[in-house]
>>> print(open('protein.pdb').read())   # PDB, C-alpha atoms and all ligand atoms
MODEL        1
ATOM      1  CA  MET J 503     -36.892 -10.928  96.093
ATOM      2  CA  ARG J 504     -33.302 -10.192  97.060
ATOM      3  CA  ARG J 505     -32.033  -6.964  95.509
ATOM      4  CA  VAL J 506     -28.421  -6.786  94.297
ATOM      5  CA  ARG J 507     -26.807  -3.367  94.221
ATOM      6  CA  HIS J 508     -24.559  -2.907  91.176
ATOM      7  CA  GLU J 509     -21.988  -0.126  91.208
ATOM      8  CA  LEU J 510     -22.597   2.270  88.318
ATOM      9  CA  GLY J 511     -19.349   4.103  87.834
ATOM     10  CA  CYS J 512     -16.081   4.518  85.997
ATOM     11  CA  LYS J 513     -13.820   5.430  88.906
ATOM     12  CA  ASP J 514     -10.253   4.251  88.258
ATOM     13  CA  LYS J 515     -11.246   2.565  84.978
ATOM     14  CA  VAL J 516      -8.720   2.938  82.164
ATOM     15  CA  VAL J 517     -10.399   4.401  79.100
ATOM     16  CA  VAL J 518      -9.031   4.938  75.580
ATOM     17  CA  VAL J 519     -10.900   7.458  73.433
ATOM     18  CA  THR J 520      -9.871   7.697  69.766
ATOM     19  CA  GLY J 521     -10.356  10.926  67.849
ATOM     20  CA  ALA J 522     -10.331  12.634  71.238
ATOM     21  CA  ALA J 523      -8.417  15.818  70.422
ATOM     22  CA  ARG J 524     -11.578  17.739  69.589
ATOM     23  CA  GLY J 525     -15.334  17.532  69.061
ATOM     24  CA  ILE J 526     -17.357  14.649  70.495
ATOM     25  CA  GLY J 527     -14.279  12.611  71.477
ATOM     26  CA  LYS J 528     -12.822  15.484  73.489
ATOM     27  CA  GLU J 529     -16.049  15.891  75.488
ATOM     28  CA  ILE J 530     -16.239  12.126  76.082
ATOM     29  CA  ALA J 531     -12.656  12.106  77.362
ATOM     30  CA  ALA J 532     -13.393  15.081  79.648
ATOM     31  CA  GLN J 533     -16.544  13.440  81.051
ATOM     32  CA  PHE J 534     -14.636  10.232  81.818
ATOM     33  CA  VAL J 535     -12.016  12.280  83.696
ATOM     34  CA  LEU J 536     -14.847  13.856  85.729
ATOM     35  CA  ALA J 537     -16.161  10.335  86.413
ATOM     36  CA  GLY J 538     -12.804   9.439  87.992
ATOM     37  CA  ALA J 539     -11.370   7.398  85.120
ATOM     38  CA  ARG J 540      -7.825   7.397  83.787
ATOM     39  CA  VAL J 541      -8.037   8.423  80.165
ATOM     40  CA  CYS J 542      -5.926   8.126  77.025
ATOM     41  CA  VAL J 543      -6.618  10.961  74.573
ATOM     42  CA  ALA J 544      -5.686   9.332  71.252
ATOM     43  CA  ASP J 545      -5.731  11.253  67.986
ATOM     44  CA  VAL J 546      -3.959  11.327  64.623
ATOM     45  CA  ASP J 547      -3.213  14.989  65.444
ATOM     46  CA  GLY J 548      -0.666  14.343  68.186
ATOM     47  CA  ALA J 549      -0.111  18.008  69.091
ATOM     48  CA  ALA J 550      -3.858  18.560  69.497
ATOM     49  CA  ALA J 551      -4.123  15.376  71.591
ATOM     50  CA  GLN J 552      -1.405  16.732  73.868
ATOM     51  CA  ALA J 553      -3.162  20.110  74.233
ATOM     52  CA  THR J 554      -6.517  18.438  74.962
ATOM     53  CA  ALA J 555      -4.987  16.059  77.500
ATOM     54  CA  ALA J 556      -3.385  18.991  79.346
ATOM     55  CA  GLU J 557      -6.685  20.894  79.274
ATOM     56  CA  ILE J 558      -8.977  18.176  80.638
ATOM     57  CA  GLY J 559      -6.976  16.749  83.522
ATOM     58  CA  ALA J 560      -3.776  16.236  85.465
ATOM     59  CA  ALA J 561      -0.949  14.244  83.843
ATOM     60  CA  ASP J 562      -1.356  11.478  86.460
ATOM     61  CA  PHE J 563      -4.794  10.665  85.037
ATOM     62  CA  VAL J 564      -4.667  11.728  81.391
ATOM     63  CA  MET J 565      -2.295  10.427  78.738
ATOM     64  CA  PRO J 566      -2.023  11.901  75.231
ATOM     65  CA  LEU J 567      -1.289   9.518  72.368
ATOM     66  CA  ALA J 568      -0.475  10.308  68.734
ATOM     67  CA  LEU J 569      -2.329   7.521  66.941
ATOM     68  CA  ASP J 570      -3.577   6.918  63.426
ATOM     69  CA  VAL J 571      -6.271   4.286  63.960
ATOM     70  CA  THR J 572      -5.737   2.902  60.439
ATOM     71  CA  ASP J 573      -2.124   1.937  61.192
ATOM     72  CA  GLU J 574      -1.898  -1.603  62.618
ATOM     73  CA  GLU J 575       1.525  -1.179  64.232
ATOM     74  CA  GLN J 576       0.671   2.193  65.773
ATOM     75  CA  VAL J 577      -2.554   0.788  67.208
ATOM     76  CA  ASN J 578      -0.899  -2.288  68.734
ATOM     77  CA  ALA J 579       1.972  -0.235  70.173
ATOM     78  CA  GLY J 580      -0.393   2.488  71.403
ATOM     79  CA  MET J 581      -2.741   0.123  73.256
ATOM     80  CA  ARG J 582       0.287  -1.626  74.779
ATOM     81  CA  ALA J 583       1.617   1.752  75.966
ATOM     82  CA  VAL J 584      -1.723   2.576  77.631
ATOM     83  CA  ALA J 585      -1.896  -0.818  79.381
ATOM     84  CA  GLU J 586       1.702  -0.423  80.609
ATOM     85  CA  ARG J 587       1.218   3.163  81.764
ATOM     86  CA  PHE J 588      -2.043   2.594  83.680
ATOM     87  CA  GLY J 589      -1.781  -1.158  84.380
ATOM     88  CA  ALA J 590      -5.099  -1.990  82.688
ATOM     89  CA  LEU J 591      -7.326  -1.262  79.719
ATOM     90  CA  ASP J 592     -11.012  -1.386  80.624
ATOM     91  CA  VAL J 593     -12.903   0.716  78.097
ATOM     92  CA  LEU J 594     -12.443   1.553  74.417
ATOM     93  CA  ILE J 595     -14.398   4.379  72.840
ATOM     94  CA  SER J 596     -13.855   3.963  69.097
ATOM     95  CA  ASN J 597     -14.790   7.470  68.020
ATOM     96  CA  ALA J 598     -12.309   8.660  65.365
ATOM     97  CA  GLY J 599     -14.123   9.519  62.170
ATOM     98  CA  THR J 600     -14.256  11.692  59.087
ATOM     99  CA  GLN J 601     -16.911  12.714  56.591
ATOM    100  CA  HIS J 602     -16.924  13.173  52.832
ATOM    101  CA  ILE J 603     -19.840  14.756  50.991
ATOM    102  CA  ALA J 604     -20.229  13.658  47.365
ATOM    103  CA  ALA J 605     -22.637  11.876  45.073
ATOM    104  CA  ILE J 606     -21.677   8.268  44.361
ATOM    105  CA  VAL J 607     -21.106   9.103  40.680
ATOM    106  CA  ASP J 608     -18.558  11.788  41.669
ATOM    107  CA  LEU J 609     -16.805   9.855  44.461
ATOM    108  CA  GLN J 610     -13.165   8.851  43.925
ATOM    109  CA  PHE J 611     -12.303   5.262  44.866
ATOM    110  CA  ALA J 612      -9.490   6.591  47.091
ATOM    111  CA  GLN J 613     -11.979   8.794  49.018
ATOM    112  CA  TRP J 614     -14.299   5.802  49.525
ATOM    113  CA  LYS J 615     -11.445   3.608  50.772
ATOM    114  CA  ARG J 616     -10.011   6.283  53.079
ATOM    115  CA  LEU J 617     -13.319   6.900  54.831
ATOM    116  CA  LEU J 618     -14.001   3.182  55.293
ATOM    117  CA  ALA J 619     -10.451   2.740  56.590
ATOM    118  CA  VAL J 620     -10.775   5.382  59.328
ATOM    119  CA  HIS J 621     -14.176   4.154  60.514
ATOM    120  CA  LEU J 622     -14.001   0.395  59.952
ATOM    121  CA  ASP J 623     -10.295  -0.557  59.865
ATOM    122  CA  GLY J 624      -9.784   1.799  62.821
ATOM    123  CA  ALA J 625     -12.627   0.203  64.786
ATOM    124  CA  PHE J 626     -11.394  -3.302  63.997
ATOM    125  CA  LEU J 627      -7.730  -2.655  64.833
ATOM    126  CA  THR J 628      -8.428  -0.868  68.117
ATOM    127  CA  THR J 629     -11.039  -3.488  69.085
ATOM    128  CA  ARG J 630      -8.677  -6.386  68.421
ATOM    129  CA  ALA J 631      -5.816  -4.802  70.357
ATOM    130  CA  CYS J 632      -8.044  -3.874  73.317
ATOM    131  CA  MET J 633      -9.839  -7.240  73.425
ATOM    132  CA  ARG J 634      -6.476  -9.021  73.572
ATOM    133  CA  HIS J 635      -5.477  -6.916  76.610
ATOM    134  CA  MET J 636      -8.891  -7.324  78.260
ATOM    135  CA  ILE J 637      -8.929 -11.106  77.765
ATOM    136  CA  ALA J 638      -5.336 -11.489  79.000
ATOM    137  CA  ARG J 639      -6.143  -9.525  82.164
ATOM    138  CA  GLY J 640      -9.414 -11.387  82.758
ATOM    139  CA  ALA J 641     -11.326  -8.424  84.174
ATOM    140  CA  GLY J 642     -13.743  -7.863  81.274
ATOM    141  CA  GLY J 643     -14.336  -4.516  79.627
ATOM    142  CA  SER J 644     -16.578  -2.311  77.556
ATOM    143  CA  ILE J 645     -16.181  -1.379  73.889
ATOM    144  CA  ILE J 646     -18.297   1.447  72.545
ATOM    145  CA  TYR J 647     -18.427   2.543  68.917
ATOM    146  CA  MET J 648     -19.422   5.994  67.735
ATOM    147  CA  GLY J 649     -22.120   5.166  65.244
ATOM    148  CA  SER J 650     -24.614   7.690  63.940
ATOM    149  CA  VAL J 651     -28.238   7.991  62.973
ATOM    150  CA  HIS J 652     -26.580   7.001  59.670
ATOM    151  CA  SER J 653     -26.044   3.540  61.230
ATOM    152  CA  HIS J 654     -29.805   3.145  60.682
ATOM    153  CA  LEU J 655     -30.721   5.304  57.713
ATOM    154  CA  ALA J 656     -29.120   6.885  54.667
ATOM    155  CA  SER J 657     -28.883  10.408  53.260
ATOM    156  CA  PRO J 658     -27.907  11.464  49.750
ATOM    157  CA  LEU J 659     -24.220  12.382  49.262
ATOM    158  CA  LYS J 660     -23.028  10.253  52.220
ATOM    159  CA  ALA J 661     -22.550   6.772  50.747
ATOM    160  CA  PRO J 662     -19.227   5.854  52.410
ATOM    161  CA  TYR J 663     -20.266   7.359  55.761
ATOM    162  CA  ALA J 664     -23.648   5.565  55.885
ATOM    163  CA  THR J 665     -21.976   2.335  54.733
ATOM    164  CA  ALA J 666     -19.277   2.568  57.417
ATOM    165  CA  LYS J 667     -21.718   3.513  60.183
ATOM    166  CA  HIS J 668     -24.026   0.595  59.265
ATOM    167  CA  GLY J 669     -20.931  -1.643  59.364
ATOM    168  CA  LEU J 670     -20.141  -0.612  62.938
ATOM    169  CA  LEU J 671     -23.504  -1.999  64.030
ATOM    170  CA  GLY J 672     -22.417  -5.437  62.774
ATOM    171  CA  LEU J 673     -19.074  -5.144  64.544
ATOM    172  CA  ALA J 674     -20.663  -4.058  67.846
ATOM    173  CA  ARG J 675     -23.080  -6.995  67.743
ATOM    174  CA  THR J 676     -20.307  -9.472  66.905
ATOM    175  CA  VAL J 677     -18.064  -8.157  69.704
ATOM    176  CA  ALA J 678     -21.029  -8.479  72.097
ATOM    177  CA  LYS J 679     -21.253 -12.201  71.239
ATOM    178  CA  GLU J 680     -17.519 -13.001  71.118
ATOM    179  CA  GLY J 681     -16.793 -10.804  74.135
ATOM    180  CA  ALA J 682     -19.503 -12.164  76.445
ATOM    181  CA  PRO J 683     -17.542 -15.220  77.648
ATOM    182  CA  HIS J 684     -14.779 -12.789  78.697
ATOM    183  CA  GLY J 685     -17.045 -10.238  80.377
ATOM    184  CA  ILE J 686     -16.624  -7.785  77.492
ATOM    185  CA  ARG J 687     -19.693  -5.760  76.505
ATOM    186  CA  SER J 688     -20.097  -3.793  73.298
ATOM    187  CA  ASN J 689     -22.547  -1.089  72.251
ATOM    188  CA  LEU J 690     -23.056   1.539  69.587
ATOM    189  CA  VAL J 691     -23.941   5.180  70.326
ATOM    190  CA  CYS J 692     -25.762   6.838  67.431
ATOM    191  CA  PRO J 693     -25.850  10.645  67.585
ATOM    192  CA  GLY J 694     -27.916  12.946  65.408
ATOM    193  CA  PHE J 695     -26.219  16.093  64.131
ATOM    194  CA  VAL J 696     -23.744  17.570  66.611
ATOM    195  CA  ARG J 697     -22.276  21.003  65.805
ATOM    196  CA  THR J 698     -18.599  20.039  65.482
ATOM    197  CA  ALA J 699     -15.969  20.711  62.811
ATOM    198  CA  LEU J 700     -17.150  17.526  61.043
ATOM    199  CA  VAL J 701     -20.651  18.953  60.639
ATOM    200  CA  ASP J 702     -19.586  22.548  59.968
ATOM    201  CA  ALA J 703     -17.492  21.297  57.043
ATOM    202  CA  GLN J 704     -20.471  19.634  55.360
ATOM    203  CA  ILE J 705     -22.912  22.550  55.442
ATOM    204  CA  ALA J 706     -21.385  24.546  52.556
ATOM    205  CA  PRO J 707     -20.968  21.544  50.190
ATOM    206  CA  GLN J 708     -24.557  20.449  50.874
ATOM    207  CA  ALA J 709     -25.806  23.999  50.267
ATOM    208  CA  ALA J 710     -24.000  24.004  46.920
ATOM    209  CA  ALA J 711     -25.126  20.511  45.924
ATOM    210  CA  LEU J 712     -28.765  21.069  46.938
ATOM    211  CA  ARG J 713     -28.835  24.751  45.816
ATOM    212  CA  LEU J 714     -29.949  25.958  49.254
ATOM    213  CA  ALA J 715     -28.787  28.689  51.659
ATOM    214  CA  GLU J 716     -26.666  27.382  54.541
ATOM    215  CA  THR J 717     -29.380  28.234  57.105
ATOM    216  CA  GLN J 718     -31.838  26.210  55.020
ATOM    217  CA  VAL J 719     -29.440  23.268  55.064
ATOM    218  CA  ILE J 720     -29.333  23.465  58.885
ATOM    219  CA  HIS J 721     -33.076  23.846  59.476
ATOM    220  CA  ASP J 722     -34.648  22.097  56.460
ATOM    221  CA  VAL J 723     -32.141  19.279  55.966
ATOM    222  CA  LEU J 724     -30.011  18.534  59.033
ATOM    223  CA  LEU J 725     -32.552  19.205  61.811
ATOM    224  CA  LYS J 726     -35.769  18.764  59.827
ATOM    225  CA  ASP J 727     -36.877  15.535  61.500
ATOM    226  CA  THR J 728     -35.877  16.268  65.107
ATOM    227  CA  VAL J 729     -38.732  16.832  67.577
ATOM    228  CA  ASP J 730     -37.405  20.246  68.613
ATOM    229  CA  GLY J 731     -35.167  21.629  65.827
ATOM    230  CA  GLN J 732     -32.140  21.247  68.115
ATOM    231  CA  PHE J 733     -28.642  19.985  67.465
ATOM    232  CA  THR J 734     -27.555  17.114  69.711
ATOM    233  CA  THR J 735     -24.722  18.333  71.963
ATOM    234  CA  THR J 736     -21.319  16.836  72.660
ATOM    235  CA  ALA J 737     -22.278  16.718  76.357
ATOM    236  CA  GLU J 738     -25.416  14.679  75.630
ATOM    237  CA  VAL J 739     -23.443  12.132  73.595
ATOM    238  CA  ALA J 740     -20.704  11.967  76.239
ATOM    239  CA  GLN J 741     -23.198  11.358  79.068
ATOM    240  CA  VAL J 742     -24.759   8.415  77.239
ATOM    241  CA  THR J 743     -21.301   7.018  76.480
ATOM    242  CA  VAL J 744     -20.198   7.205  80.132
ATOM    243  CA  PHE J 745     -23.496   5.598  81.191
ATOM    244  CA  LEU J 746     -22.998   2.677  78.775
ATOM    245  CA  ALA J 747     -19.393   2.178  79.879
ATOM    246  CA  SER J 748     -20.527   2.189  83.515
ATOM    247  CA  PHE J 749     -23.416  -0.199  83.068
ATOM    248  CA  PRO J 750     -22.443  -3.314  84.957
ATOM    249  CA  THR J 751     -24.218  -6.217  83.244
ATOM    250  CA  ASN J 752     -24.880  -7.861  79.897
ATOM    251  CA  ALA J 753     -28.429  -6.503  79.958
ATOM    252  CA  LEU J 754     -26.950  -3.746  77.783
ATOM    253  CA  THR J 755     -24.725  -5.367  75.188
ATOM    254  CA  GLY J 756     -25.033  -5.507  71.418
ATOM    255  CA  GLN J 757     -27.304  -2.466  71.573
ATOM    256  CA  SER J 758     -27.563   0.648  69.480
ATOM    257  CA  ILE J 759     -28.580   3.751  71.445
ATOM    258  CA  VAL J 760     -29.807   6.636  69.292
ATOM    259  CA  VAL J 761     -29.136  10.097  70.768
ATOM    260  CA  SER J 762     -30.718  12.450  68.259
ATOM    261  CA  HIS J 763     -33.503  14.673  69.688
ATOM    262  CA  GLY J 764     -36.032  12.281  68.181
ATOM    263  CA  TRP J 765     -34.693  12.463  64.613
ATOM    264  CA  HIS J 766     -34.586   8.679  64.441
ATOM    265  CA  MET J 767     -36.730   6.512  66.710
ATOM    266  CA  ASP J 768     -35.603   2.928  66.785
TER     267      ASP J 768
HETATM  268  P1  LIG H   1     -14.386  16.016  64.517
HETATM  269  O1  LIG H   1     -13.943  16.160  63.093
HETATM  270  O2  LIG H   1     -14.653  17.245  65.307
HETATM  271  O3  LIG H   1     -13.324  15.132  65.336
HETATM  272  C1  LIG H   1     -12.846  13.942  64.790
HETATM  273  C2  LIG H   1     -11.499  13.653  65.425
HETATM  274  O4  LIG H   1     -11.027  12.403  64.871
HETATM  275  C3  LIG H   1     -10.432  14.718  65.075
HETATM  276  O5  LIG H   1      -9.758  15.120  66.241
HETATM  277  C4  LIG H   1      -9.508  13.989  64.099
HETATM  278  O6  LIG H   1      -8.146  14.441  64.152
HETATM  279  C5  LIG H   1      -9.645  12.535  64.558
HETATM  280  N1  LIG H   1      -9.264  11.576  63.529
HETATM  281  C6  LIG H   1      -9.583  11.598  62.198
HETATM  282  N2  LIG H   1      -8.977  10.595  61.561
HETATM  283  C7  LIG H   1      -8.279   9.902  62.503
HETATM  284  C8  LIG H   1      -7.441   8.758  62.458
HETATM  285  N3  LIG H   1      -7.182   8.130  61.303
HETATM  286  N4  LIG H   1      -6.886   8.306  63.615
HETATM  287  C9  LIG H   1      -7.129   8.946  64.785
HETATM  288  N5  LIG H   1      -7.891  10.054  64.886
HETATM  289  C10 LIG H   1      -8.455  10.519  63.750
HETATM  290  O7  LIG H   1     -15.659  15.064  64.439
HETATM  291  P2  LIG H   1     -16.824  14.755  65.486
HETATM  292  O8  LIG H   1     -18.047  15.402  64.993
HETATM  293  O9  LIG H   1     -16.366  15.002  66.872
HETATM  294  O10 LIG H   1     -17.006  13.188  65.213
HETATM  295  C11 LIG H   1     -16.543  12.191  66.106
HETATM  296  C12 LIG H   1     -17.256  10.896  65.784
HETATM  297  O11 LIG H   1     -18.665  11.088  65.950
HETATM  298  C13 LIG H   1     -17.056  10.405  64.338
HETATM  299  O12 LIG H   1     -16.982   9.003  64.310
HETATM  300  C14 LIG H   1     -18.334  10.865  63.658
HETATM  301  O13 LIG H   1     -18.631  10.083  62.530
HETATM  302  C15 LIG H   1     -19.325  10.649  64.780
HETATM  303  N6  LIG H   1     -20.572  11.398  64.630
HETATM  304  C16 LIG H   1     -20.548  12.748  64.529
HETATM  305  C17 LIG H   1     -21.757  13.415  64.391
HETATM  306  C18 LIG H   1     -21.820  14.900  64.262
HETATM  307  O14 LIG H   1     -22.900  15.398  63.936
HETATM  308  N7  LIG H   1     -20.766  15.652  64.526
HETATM  309  C19 LIG H   1     -22.962  12.688  64.355
HETATM  310  C20 LIG H   1     -22.919  11.315  64.469
HETATM  311  C21 LIG H   1     -21.713  10.670  64.616
ENDMDL
END
>>> encode(input="protein.pdb", output="structure tokens", more="lines below")
Ligand code: NAD
Amino acid sequence: MRRVRHELGCKDKVVVVTGAARGIGKEIAAQFVLAGARVCVADVDGAAAQATAAEIGAADFVMPLALDVTDEEQVNAGMRAVAERFGALDVLISNAGTQHIAAIVDLQFAQWKRLLAVHLDGAFLTTRACMRHMIARGAGGSIIYMGSVHSHLASPLKAPYATAKHGLLGLARTVAKEGAPHGIRSNLVCPGFVRTALVDAQIAPQAAALRLAETQVIHDVLLKDTVDGQFTTTAEVAQVTVFLASFPTNALTGQSIVVSHGWHMD
């Protein structure tokens, strides 16, 4: 059998990471810089995006972008600016997200719509803009969505989040099929709980709603079903994301990779 050596790497790739000013997105952006990529740090908080971009790499390789992923014009203009600045657009990491903890009976319609807009409208708009650039250039690409264990299961008080994260699985699979003729792969990364601002902000409301101490929420609710009682780290999620973006063939497309210390086994 003749063995073919595929390059596994992101050197010189142009990568857009949304929601990259802090948390998981920031670590993903930093890991791509270490892998030799040119990276756009896109975030609705433009000042924070600028600070993160300056922190993780030299201006030649890292571009900050103030971008609300729910705004169609901003997304189209932003992706165009990245393609013009770096001459390509190879990888999209659709990571921007928010959380809202409430029982369905207490949830405002506006809160439901806002959360779905950030996760789903944002994923759609950035995907469409990036796919158009990738197809026009003819060099393929990789689109990775930040799903969650909540792409596969539900928890009380998280109806819009679980709904949106399940929806991303459908989008990733559809992009895998529509993208294949153009060399575009698409996958979903599904972290367990990662100790970021998004998670910190949900501990107190869950403690109140479930009448538990905050430490009980962490150990008996959030991490209860992991194999080791450990949070997943931003570095672990970022490593898997860089691996998926680097993977050279369609053997990995339309997949959901759960990164959760064994909380959910798919
Ligand atoms: P975070 O709150 O620390 O960071 C989210 C970032 O997204 C922020 O910088 C924020 O400004 C940005 N953002 C929010 N709305 C935006 C918009 N409309 N346009 C552009 N940027 C916007 O959260 P995180 O924990 O780093 O989460 C990142 C992603 O990972 C989210 O999609 C989240 O659902 C997912 N996730 C997080 C966990 C976890 O435990 N932290 C687990 C699974 C999945």
>>> residues_around(input="protein.pdb", residues="Arg687 of chain J", least_positions_apart="2", cutoff="8 Å", atoms="all atoms listed in the file", output="ChimeraX atom specification")
/J:642-645,677-678,681-682,685,689,752,754-756
>>> closest_residue(input="protein.pdb", among="J:Trp765, J:Phe611, J:Tyr647, J:Phe749", to="ligand LIG 1 (chain H)", atoms="only C-alpha atoms and all ligand atoms")
J:Tyr647
>>> resolve_selection(input="protein.pdb", expression="the PyMOL selection byres (((not hetatm)) within 6 of (chain H and resi 1))", output="PyMOL selection string")
chain J and resi 520-527+545-547+569-572+597-600+620+648-650+693-701
>>> residues_near_point(input="protein.pdb", point="(-14.6, 12.5, 78.9)", cutoff="10 Å", atoms="only C-alpha atoms", output="list of chain:residue names")
J:Val517, J:Val518, J:Val519, J:Ala522, J:Ile526, J:Gly527, J:Lys528, J:Glu529, J:Ile530, J:Ala531, J:Ala532, J:Gln533, J:Phe534, J:Val535, J:Leu536, J:Ala537, J:Gly538, J:Ala539, J:Arg540, J:Val541, J:Cys542, J:Val543, J:Ile558, J:Gly559, J:Ala737, J:Ala740, J:Gln741, J:Thr743, J:Val744
>>> closest_residue(input="protein.pdb", among="J:Ala590, J:Ile720, J:Leu618, J:Ala715", to="Gly640 of chain J", atoms="all atoms listed in the file")
J:Ala590
>>> closest_residue(input="protein.pdb", among="J:Arg505, J:Lys660, J:Arg630, J:His652", to="Trp614 of chain J", atoms="all atoms listed in the file")
J:Lys660
>>> resolve_selection(input="protein.pdb", expression="the PyMOL selection byres (((chain J and resi 566) around 8) and not hetatm)", output="ChimeraX atom specification")
/J:542-544,548,551-552,554-555,564-565,567-568
>>> write_last_selection(input="protein.pdb", atoms="C-alpha atoms", output="PDB file, in the coordinates of the input")
ATOM      1  CA  CYS J 542      -5.926   8.126  77.025  1.00  0.00           C
ATOM      2  CA  VAL J 543      -6.618  10.961  74.573  1.00  0.00           C
ATOM      3  CA  ALA J 544      -5.686   9.332  71.252  1.00  0.00           C
ATOM      4  CA  GLY J 548      -0.666  14.343  68.186  1.00  0.00           C
ATOM      5  CA  ALA J 551      -4.123  15.376  71.591  1.00  0.00           C
ATOM      6  CA  GLN J 552      -1.405  16.732  73.868  1.00  0.00           C
ATOM      7  CA  THR J 554      -6.517  18.438  74.962  1.00  0.00           C
ATOM      8  CA  ALA J 555      -4.987  16.059  77.500  1.00  0.00           C
ATOM      9  CA  VAL J 564      -4.667  11.728  81.391  1.00  0.00           C
ATOM     10  CA  MET J 565      -2.295  10.427  78.738  1.00  0.00           C
ATOM     11  CA  LEU J 567      -1.289   9.518  72.368  1.00  0.00           C
ATOM     12  CA  ALA J 568      -0.475  10.308  68.734  1.00  0.00           C
TER      13      ALA J 568
END
>>> atom_distance(input="protein.pdb", atom1="atom CA of Glu574 of chain J", atom2="atom CA of Ile759 of chain J")
28.6 Å
>>> atom_distance(input="protein.pdb", atom1="atom CA of Val719 of chain J", atom2="atom CA of Leu622 of chain J")
28.0 Å
>>> atom_distance(input="protein.pdb", atom1="atom CA of Ile646 of chain J", atom2="atom CA of Val723 of chain J")
28.0 Å
>>> residues_near_point(input="protein.pdb", point="(-28.4, 3.2, 69.5)", cutoff="8 Å", atoms="all atoms listed in the file", output="list in words")
Gly649, Asn689, Leu690, Val691, Cys692, Gln757, Ser758, Ile759, Val760, Val761 and Asp768 of chain J
>>> closest_residue(input="protein.pdb", among="J:Leu594, J:His763, J:Gln708, J:Thr717", to="Thr735 of chain J", atoms="only C-alpha atoms")
J:His763
>>> closest_residue(input="protein.pdb", among="J:Ala661, J:Met767, J:Leu609, J:Ala711", to="Thr728 of chain J", atoms="only C-alpha atoms")
J:Met767
>>> closest_residue(input="protein.pdb", among="J:Lys615, J:Asp623, J:Ala604, J:Lys667", to="Leu655 of chain J", atoms="only C-alpha atoms")
J:Lys667
>>> build_atoms(input="protein.pdb", residues="segment 755-766 of chain J", atoms="N, CA, C and O atoms", output="mmCIF file, in the frame of the given file")
data_model
loop_
_atom_site.group_PDB
_atom_site.id
_atom_site.type_symbol
_atom_site.label_atom_id
_atom_site.label_comp_id
_atom_site.auth_asym_id
_atom_site.auth_seq_id
_atom_site.Cartn_x
_atom_site.Cartn_y
_atom_site.Cartn_z
ATOM 1 N N THR J 755 -25.838 -5.052 76.098
ATOM 2 C CA THR J 755 -24.725 -5.367 75.188
ATOM 3 C C THR J 755 -25.301 -5.673 73.818
ATOM 4 O O THR J 755 -26.437 -6.146 73.701
ATOM 5 N N GLY J 756 -24.551 -5.328 72.786
ATOM 6 C CA GLY J 756 -25.033 -5.507 71.418
ATOM 7 C C GLY J 756 -26.137 -4.532 71.045
ATOM 8 O O GLY J 756 -26.883 -4.762 70.102
ATOM 9 N N GLN J 757 -26.215 -3.418 71.794
ATOM 10 C CA GLN J 757 -27.304 -2.466 71.573
ATOM 11 C C GLN J 757 -26.839 -1.234 70.798
ATOM 12 O O GLN J 757 -25.672 -0.862 70.826
ATOM 13 N N SER J 758 -27.801 -0.618 70.160
ATOM 14 C CA SER J 758 -27.563 0.648 69.480
ATOM 15 C C SER J 758 -28.447 1.691 70.158
ATOM 16 O O SER J 758 -29.668 1.522 70.208
ATOM 17 N N ILE J 759 -27.809 2.721 70.724
ATOM 18 C CA ILE J 759 -28.580 3.751 71.445
ATOM 19 C C ILE J 759 -28.553 5.036 70.608
ATOM 20 O O ILE J 759 -27.491 5.629 70.394
ATOM 21 N N VAL J 760 -29.721 5.445 70.144
ATOM 22 C CA VAL J 760 -29.807 6.636 69.292
ATOM 23 C C VAL J 760 -30.000 7.873 70.166
ATOM 24 O O VAL J 760 -30.879 7.902 71.024
ATOM 25 N N VAL J 761 -29.140 8.870 69.946
ATOM 26 C CA VAL J 761 -29.136 10.097 70.768
ATOM 27 C C VAL J 761 -29.312 11.258 69.792
ATOM 28 O O VAL J 761 -28.341 11.841 69.306
ATOM 29 N N SER J 762 -30.555 11.587 69.441
ATOM 30 C CA SER J 762 -30.718 12.450 68.259
ATOM 31 C C SER J 762 -31.867 13.448 68.351
ATOM 32 O O SER J 762 -32.325 13.945 67.325
ATOM 33 N N HIS J 763 -32.348 13.764 69.554
ATOM 34 C CA HIS J 763 -33.503 14.673 69.688
ATOM 35 C C HIS J 763 -34.679 14.176 68.845
ATOM 36 O O HIS J 763 -35.380 14.970 68.212
ATOM 37 N N GLY J 764 -34.850 12.848 68.834
ATOM 38 C CA GLY J 764 -36.032 12.281 68.181
ATOM 39 C C GLY J 764 -35.964 12.212 66.667
ATOM 40 O O GLY J 764 -36.946 11.836 66.020
ATOM 41 N N TRP J 765 -34.799 12.552 66.087
ATOM 42 C CA TRP J 765 -34.693 12.463 64.613
ATOM 43 C C TRP J 765 -35.007 11.029 64.170
ATOM 44 O O TRP J 765 -35.824 10.804 63.295
ATOM 45 N N HIS J 766 -34.317 10.073 64.802
ATOM 46 C CA HIS J 766 -34.586 8.679 64.441
ATOM 47 C C HIS J 766 -35.064 7.944 65.687
ATOM 48 O O HIS J 766 -34.425 8.018 66.733
#
